[in-house]
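What follows is a set of notes on a single structure, which appears directly below.
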Amino acid sequence: MVERLSWKKLAWELAFFYLPWLVVGGLFGGLPWLLLGATVAMLLWHLHQQIKLSDWLWKDKSLTPPSGTGSWEPLFNGIYRLQKRNRRRRKELANLIRRFRNGAESLPDAVVVFERDGAIVWCNKLAQELLGLRMPDDNGQHISNLIRAPEFVSYIANANANANYDTALEMRSHLNSARTLEFRTMPYAEGEYLMVVRDITQLKQLEGMRRNFFANVSHELRTPMTVLRGYLEMTEDPDMLVGPMWPKAHGVMTEQLSRMESLVEQLLTLSKIEAAAKPDLDHHVDVPAMLDVLQKEAQALSGNSEHVLTFDVDTALKVRGNDDQLRSAISNLVYNAVKHTPAQAEIQVRWYRSKKGPRLEVIDSGEGIPPQHLDRLTERFYRVDKARSRETGGSGLGLAIVKHALSHHDAELDIKSEVGIGSTFAFTLPERLAC
Ligand code: ADP
């Protein structure tokens, strides 16, 4: 164990060094010359140690110091200890920074650190994707030069001027206008700010959908309610109740009430399916028996229109799933085919085992749907021809119900249609649900 240098140690070292020369000089004479020679030798030795130290510090990259002797040994070892401590601290710091960066990388949001003057210090990978920044190339670049949207530039300028970053900024992405981004900035370290950017496109879409949904429901209910109110006001005149108008009024009111009833029922079905957790797909659903009942109901719905209904069903093909949801999905598809197909036209329903799994197809020879509508058909309240759909008592919720019910069974609605030729609405359940 090397101790640190002390006056006592230095004094002993000097004494040991000069003692032999003093003795020799005392015995044989020439003491001053001997002392001078000894001092020069000591000076040269010290200079040699200094060179060794300097070489080690500047040239040699190794951590272990050269072996120092005498009074230089504690100095070499002291520097070695200092270096070791610094290396350990540097390693700890590097680990800390790595941990912070890993943490920031695994955040679901984009993160940018920048200085008060706007110079970018660091950003995570998501920021590079979402904001188009590049690291390390953009290090030191002014953030407003890279995100040039005027709202963003004035947001940064205002916040800088007032030193107030409390408000968040919502704006369309400067890279992709279909995306909406939310920027939040907060003081981070001295003179540095942390900006968190979230993609809130979906949130905004949901907000829009919710707003539209309420507007649509209100609109759908308002029409029958207005009709009912009109007739009710007419009944204030007692003659009306016995007059020739009454049977017609009664009929229309009943019809409007059933329209409202069916709308509310469909809304409840939809909200029940939407709110339901994914069903445990262990219940056996007898789809052939379900189709048997549906065939009779569809025939009744067709009434005087006398559609030609063909049900081609694999009677042995049952599946696992949720009975109510599958019935809702299949009945909506079959009823739609009846509602949107002219009288006496053919409608074919097929239930069979395809290569990918149990498949249902409802093929009609109806009016068909123009291609621009196909992607939107499963949106709530979406109807190709609003006026006609209302005539047939449609609410525009049927296919939204189908979509949700199928997604609970890991299946998707597949729509093919050609105007004037007909439409095919189909889905394939995963093979694992077949039983
Ligand atoms: P609706 O209650 O109006 O039938 P849906 O959500 O079931 O609502 O259907 C949405 C729209 O899709 C309908 O208004 C109709 O325009 C169109 N559609 C659905 N099925 C068919 C079909 N078999 N043939 C033609 N158009 C259809």
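Scheme for the structure tokens: letters A, B, ... for chains in order shown; per-chain residue numbers from 1; ligand numbers from 1 in order shown.
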
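The protein and nucleic acid residues lying at most 12 Å from Asn164 of chain A are Arg116, Tyr155, Ile156, Ala157, Asn158, Ala159, Asn160, Ala161, Thr167, Ala168, Arg184, Thr185, Met186, Pro187 and Tyr193 of chain A, with only C-alpha atoms considered and sequence neighbours fewer than 3 positions away removed.
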
With N, CA, C and O atoms retained, could you export that selection as a PDB file, in the first residue's frame?
ATOM      1  N   ARG A 116     -32.694  27.241 -24.904  1.00  0.00           N
ATOM      2  CA  ARG A 116     -33.571  28.423 -24.875  1.00  0.00           C
ATOM      3  C   ARG A 116     -33.615  29.133 -26.235  1.00  0.00           C
ATOM      4  O   ARG A 116     -34.644  29.607 -26.669  1.00  0.00           O
ATOM      5  N   TYR A 155     -45.678  29.828 -32.088  1.00  0.00           N
ATOM      6  CA  TYR A 155     -45.820  29.209 -30.764  1.00  0.00           C
ATOM      7  C   TYR A 155     -44.487  29.279 -30.016  1.00  0.00           C
ATOM      8  O   TYR A 155     -44.416  29.689 -28.862  1.00  0.00           O
ATOM      9  N   ILE A 156     -43.411  28.905 -30.716  1.00  0.00           N
ATOM     10  CA  ILE A 156     -42.079  28.914 -30.081  1.00  0.00           C
ATOM     11  C   ILE A 156     -41.677  30.355 -29.761  1.00  0.00           C
ATOM     12  O   ILE A 156     -41.186  30.649 -28.672  1.00  0.00           O
ATOM     13  N   ALA A 157     -41.936  31.267 -30.727  1.00  0.00           N
ATOM     14  CA  ALA A 157     -41.524  32.655 -30.522  1.00  0.00           C
ATOM     15  C   ALA A 157     -42.279  33.257 -29.332  1.00  0.00           C
ATOM     16  O   ALA A 157     -41.665  33.888 -28.450  1.00  0.00           O
ATOM     17  N   ASN A 158     -43.587  33.030 -29.262  1.00  0.00           N
ATOM     18  CA  ASN A 158     -44.394  33.569 -28.156  1.00  0.00           C
ATOM     19  C   ASN A 158     -43.955  32.995 -26.826  1.00  0.00           C
ATOM     20  O   ASN A 158     -43.778  33.712 -25.846  1.00  0.00           O
ATOM     21  N   ALA A 159     -43.799  31.678 -26.825  1.00  0.00           N
ATOM     22  CA  ALA A 159     -43.429  31.024 -25.577  1.00  0.00           C
ATOM     23  C   ALA A 159     -42.080  31.522 -25.103  1.00  0.00           C
ATOM     24  O   ALA A 159     -41.869  31.768 -23.911  1.00  0.00           O
ATOM     25  N   ASN A 160     -41.158  31.726 -26.053  1.00  0.00           N
ATOM     26  CA  ASN A 160     -39.822  32.222 -25.697  1.00  0.00           C
ATOM     27  C   ASN A 160     -39.899  33.633 -25.131  1.00  0.00           C
ATOM     28  O   ASN A 160     -39.268  33.951 -24.131  1.00  0.00           O
ATOM     29  N   ALA A 161     -40.711  34.454 -25.809  1.00  0.00           N
ATOM     30  CA  ALA A 161     -40.802  35.860 -25.402  1.00  0.00           C
ATOM     31  C   ALA A 161     -41.394  35.983 -24.007  1.00  0.00           C
ATOM     32  O   ALA A 161     -40.933  36.795 -23.192  1.00  0.00           O
ATOM     33  N   THR A 167     -49.234  26.548 -22.412  1.00  0.00           N
ATOM     34  CA  THR A 167     -50.283  26.140 -23.357  1.00  0.00           C
ATOM     35  C   THR A 167     -49.753  25.119 -24.364  1.00  0.00           C
ATOM     36  O   THR A 167     -48.569  25.147 -24.718  1.00  0.00           O
ATOM     37  N   ALA A 168     -50.642  24.244 -24.777  1.00  0.00           N
ATOM     38  CA  ALA A 168     -50.249  23.236 -25.774  1.00  0.00           C
ATOM     39  C   ALA A 168     -50.660  23.749 -27.148  1.00  0.00           C
ATOM     40  O   ALA A 168     -51.559  24.572 -27.263  1.00  0.00           O
ATOM     41  N   ARG A 184     -46.400  19.903 -26.564  1.00  0.00           N
ATOM     42  CA  ARG A 184     -46.343  20.432 -25.189  1.00  0.00           C
ATOM     43  C   ARG A 184     -44.885  20.647 -24.845  1.00  0.00           C
ATOM     44  O   ARG A 184     -44.048  19.802 -25.140  1.00  0.00           O
ATOM     45  N   THR A 185     -44.599  21.802 -24.243  1.00  0.00           N
ATOM     46  CA  THR A 185     -43.209  22.090 -23.918  1.00  0.00           C
ATOM     47  C   THR A 185     -43.100  22.422 -22.440  1.00  0.00           C
ATOM     48  O   THR A 185     -43.999  23.043 -21.879  1.00  0.00           O
ATOM     49  N   MET A 186     -42.011  21.972 -21.826  1.00  0.00           N
ATOM     50  CA  MET A 186     -41.822  22.296 -20.414  1.00  0.00           C
ATOM     51  C   MET A 186     -40.339  22.510 -20.144  1.00  0.00           C
ATOM     52  O   MET A 186     -39.499  21.924 -20.843  1.00  0.00           O
ATOM     53  N   PRO A 187     -40.038  23.386 -19.138  1.00  0.00           N
ATOM     54  CA  PRO A 187     -38.629  23.588 -18.787  1.00  0.00           C
ATOM     55  C   PRO A 187     -38.047  22.253 -18.335  1.00  0.00           C
ATOM     56  O   PRO A 187     -38.725  21.477 -17.672  1.00  0.00           O
ATOM     57  N   TYR A 193     -35.272  23.008 -22.763  1.00  0.00           N
ATOM     58  CA  TYR A 193     -36.703  22.694 -22.743  1.00  0.00           C
ATOM     59  C   TYR A 193     -36.937  21.313 -23.336  1.00  0.00           C
ATOM     60  O   TYR A 193     -36.184  20.867 -24.206  1.00  0.00           O
TER      61      TYR A 193
END

As number ranges by chain, please: every protein or nucleic acid residue near ligand 1 (cut-off 9 Å, counting only C-alpha atoms and all ligand atoms). A: 263, 332-341, 362-369, 373-374, 376-386, 388-390, 392-402, 417, 419, 422-425

Quick one: distance from atom CA of Gly357 of chain A to atom CA of Ala426 of chain A in Å, one decimal?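 So the answer is 12.3 Å.
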
Leaving out Asn77 of chain A and any residue of its chain fewer than 6 positions from it, which residues lie within 9 Å of it when counting only C-alpha atoms, given as a ChimeraX atom specification? /A:2,4,64-65,67-68

Would you kindly return, as number ranges by chain, each protein, DNA or RNA residue with an atom no farther than 10 Å from any atom of Ser302 of chain A, considering only C-alpha atoms and excluding same-chain residues fewer than 2 positions away? A: 296-300, 304-309, 335, 337-339, 341-344

Using only C-alpha atoms, pick whichever of A:Ala189, A:Leu10, A:Leu429, A:Ile273 has the shortest atom-to-atom distance to Lys356 of chain A. A:Leu429

Can you list, as a ChimeraX atom specification, every protein, DNA or RNA residue that comes within 8 Å of Phe311 of chain A when you count only C-alpha atoms, leaving out same-chain residues fewer than 6 positions away? /A:291,295,348-350

Dump as a short mmCIF file (atom, residue, chain, number, x, y, z; two decimals), in the first residue's frame, selection limited to N, CA and C atoms:
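Here's the written file part.cif:
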data_model
loop_
_atom_site.label_atom_id
_atom_site.label_comp_id
_atom_site.auth_asym_id
_atom_site.auth_seq_id
_atom_site.Cartn_x
_atom_site.Cartn_y
_atom_site.Cartn_z
N LEU A 291 -79.97 -20.04 -39.92
CA LEU A 291 -80.28 -19.68 -41.31
C LEU A 291 -81.65 -20.20 -41.73
N GLN A 295 -84.40 -17.76 -43.16
CA GLN A 295 -84.99 -17.92 -44.51
C GLN A 295 -86.48 -17.59 -44.45
N GLN A 348 -79.11 -15.21 -53.11
CA GLN A 348 -78.56 -16.50 -52.74
C GLN A 348 -77.74 -16.36 -51.45
N VAL A 349 -77.99 -17.26 -50.52
CA VAL A 349 -77.20 -17.25 -49.27
C VAL A 349 -76.44 -18.56 -49.21
N ARG A 350 -75.10 -18.46 -49.03
CA ARG A 350 -74.29 -19.69 -48.98
C ARG A 350 -73.56 -19.75 -47.65
#

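By only C-alpha atoms, and with residues fewer than 3 positions from Ala405 of chain A along its chain excluded, the set lying at most 10 Å from it is Thr269, Leu270, Ile273, Glu274, Ala276, Lys278, Pro279, Asn322, Asp324, Gln325, Leu326, Arg327, Ser328, Ala329, Ile330, Leu399, Ala400, Ile401, Val402, His408, His409, Asp410, Ala411, Glu412 and Leu413 of chain A.
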
Give me, as a list in words, all polymer residues having an atom no more than 9 Å from Ala38 of chain A, counting only C-alpha atoms and skipping those fewer than 3 positions away in the same chain.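 Surrounding residues, per the criterion: Phe17, Tyr18, Trp21, Trp33, Leu34, Leu35, Ala41, Met42 and Leu43 of chain A.
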
Keeping only C-alpha atoms, write the selected residues as a PDB file, in the first residue's frame.
ATOM      1  CA  PHE A  17      20.491   9.749  -0.547  1.00  0.00           C
ATOM      2  CA  TYR A  18      23.095  12.176   0.760  1.00  0.00           C
ATOM      3  CA  TRP A  21      28.197  10.798  -0.171  1.00  0.00           C
ATOM      4  CA  TRP A  33      32.307  18.061  -5.447  1.00  0.00           C
ATOM      5  CA  LEU A  34      30.691  14.876  -4.303  1.00  0.00           C
ATOM      6  CA  LEU A  35      27.603  16.793  -3.048  1.00  0.00           C
ATOM      7  CA  ALA A  41      22.387  13.020 -10.355  1.00  0.00           C
ATOM      8  CA  MET A  42      19.248  13.583  -8.284  1.00  0.00           C
ATOM      9  CA  LEU A  43      18.121  16.376 -10.604  1.00  0.00           C
TER      10      LEU A  43
END

What is the distance, in Å and to one decimal place, between atom CA of Ile51 of chain A and atom CA of Glu73 of chain A?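 Distance between the two atoms: 14.0 Å.
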
As an NGL selection string, please: all residues of segment 153-186 of chain A that backbone DSSP puts in helix (DSSP H, G or I). :A and (153-162)

Can you list every residue in segment 189-317 of chain A that DSSP puts in strand (DSSP E or B), as a ChimeraX atom specification? /A:192-199,284-285,308-313

Write out, as a short mmCIF file (atom, residue, chain, number, x, y, z; two decimals), in the first residue's frame, the residues just selected, with N, CA and C atoms.
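result-v6.cif, written as the output of this step:
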data_model
loop_
_atom_site.label_atom_id
_atom_site.label_comp_id
_atom_site.auth_asym_id
_atom_site.auth_seq_id
_atom_site.Cartn_x
_atom_site.Cartn_y
_atom_site.Cartn_z
N GLU A 192 -32.77 24.69 -20.79
CA GLU A 192 -33.17 23.70 -21.79
C GLU A 192 -34.66 23.38 -21.65
N TYR A 193 -35.27 23.01 -22.76
CA TYR A 193 -36.70 22.69 -22.74
C TYR A 193 -36.94 21.31 -23.34
N LEU A 194 -37.98 20.68 -22.83
CA LEU A 194 -38.34 19.35 -23.32
C LEU A 194 -39.68 19.48 -24.04
N MET A 195 -39.71 19.07 -25.28
CA MET A 195 -40.97 19.15 -26.03
C MET A 195 -41.50 17.74 -26.27
N VAL A 196 -42.75 17.52 -25.89
CA VAL A 196 -43.38 16.21 -26.10
C VAL A 196 -44.43 16.37 -27.19
N VAL A 197 -44.33 15.56 -28.23
CA VAL A 197 -45.26 15.69 -29.36
C VAL A 197 -46.06 14.38 -29.48
N ARG A 198 -47.40 14.53 -29.49
CA ARG A 198 -48.25 13.34 -29.59
C ARG A 198 -49.04 13.38 -30.88
N ASP A 199 -49.23 12.21 -31.48
CA ASP A 199 -50.10 12.12 -32.66
C ASP A 199 -51.53 11.93 -32.14
N HIS A 284 -71.28 -22.89 -28.65
CA HIS A 284 -71.53 -23.45 -29.98
C HIS A 284 -72.71 -22.71 -30.61
N VAL A 285 -72.51 -22.24 -31.82
CA VAL A 285 -73.60 -21.54 -32.50
C VAL A 285 -74.05 -22.40 -33.68
N VAL A 308 -86.71 -14.41 -55.02
CA VAL A 308 -86.39 -15.84 -55.12
C VAL A 308 -85.20 -16.11 -54.19
N LEU A 309 -85.48 -16.68 -53.05
CA LEU A 309 -84.43 -16.89 -52.05
C LEU A 309 -83.89 -18.32 -52.12
N THR A 310 -82.59 -18.43 -52.29
CA THR A 310 -81.98 -19.77 -52.30
C THR A 310 -81.00 -19.84 -51.14
N PHE A 311 -81.20 -20.80 -50.26
CA PHE A 311 -80.27 -20.98 -49.15
C PHE A 311 -79.50 -22.27 -49.37
N ASP A 312 -78.19 -22.12 -49.56
CA ASP A 312 -77.35 -23.27 -49.83
C ASP A 312 -76.46 -23.45 -48.60
N VAL A 313 -76.89 -24.35 -47.69
CA VAL A 313 -76.28 -24.38 -46.35
C VAL A 313 -75.65 -25.74 -46.04
#

If I take atom CA of Val319 of chain A and atom CA of Pro430 of chain A, how far is one from the other in Å, to one decimal? 9.7 Å
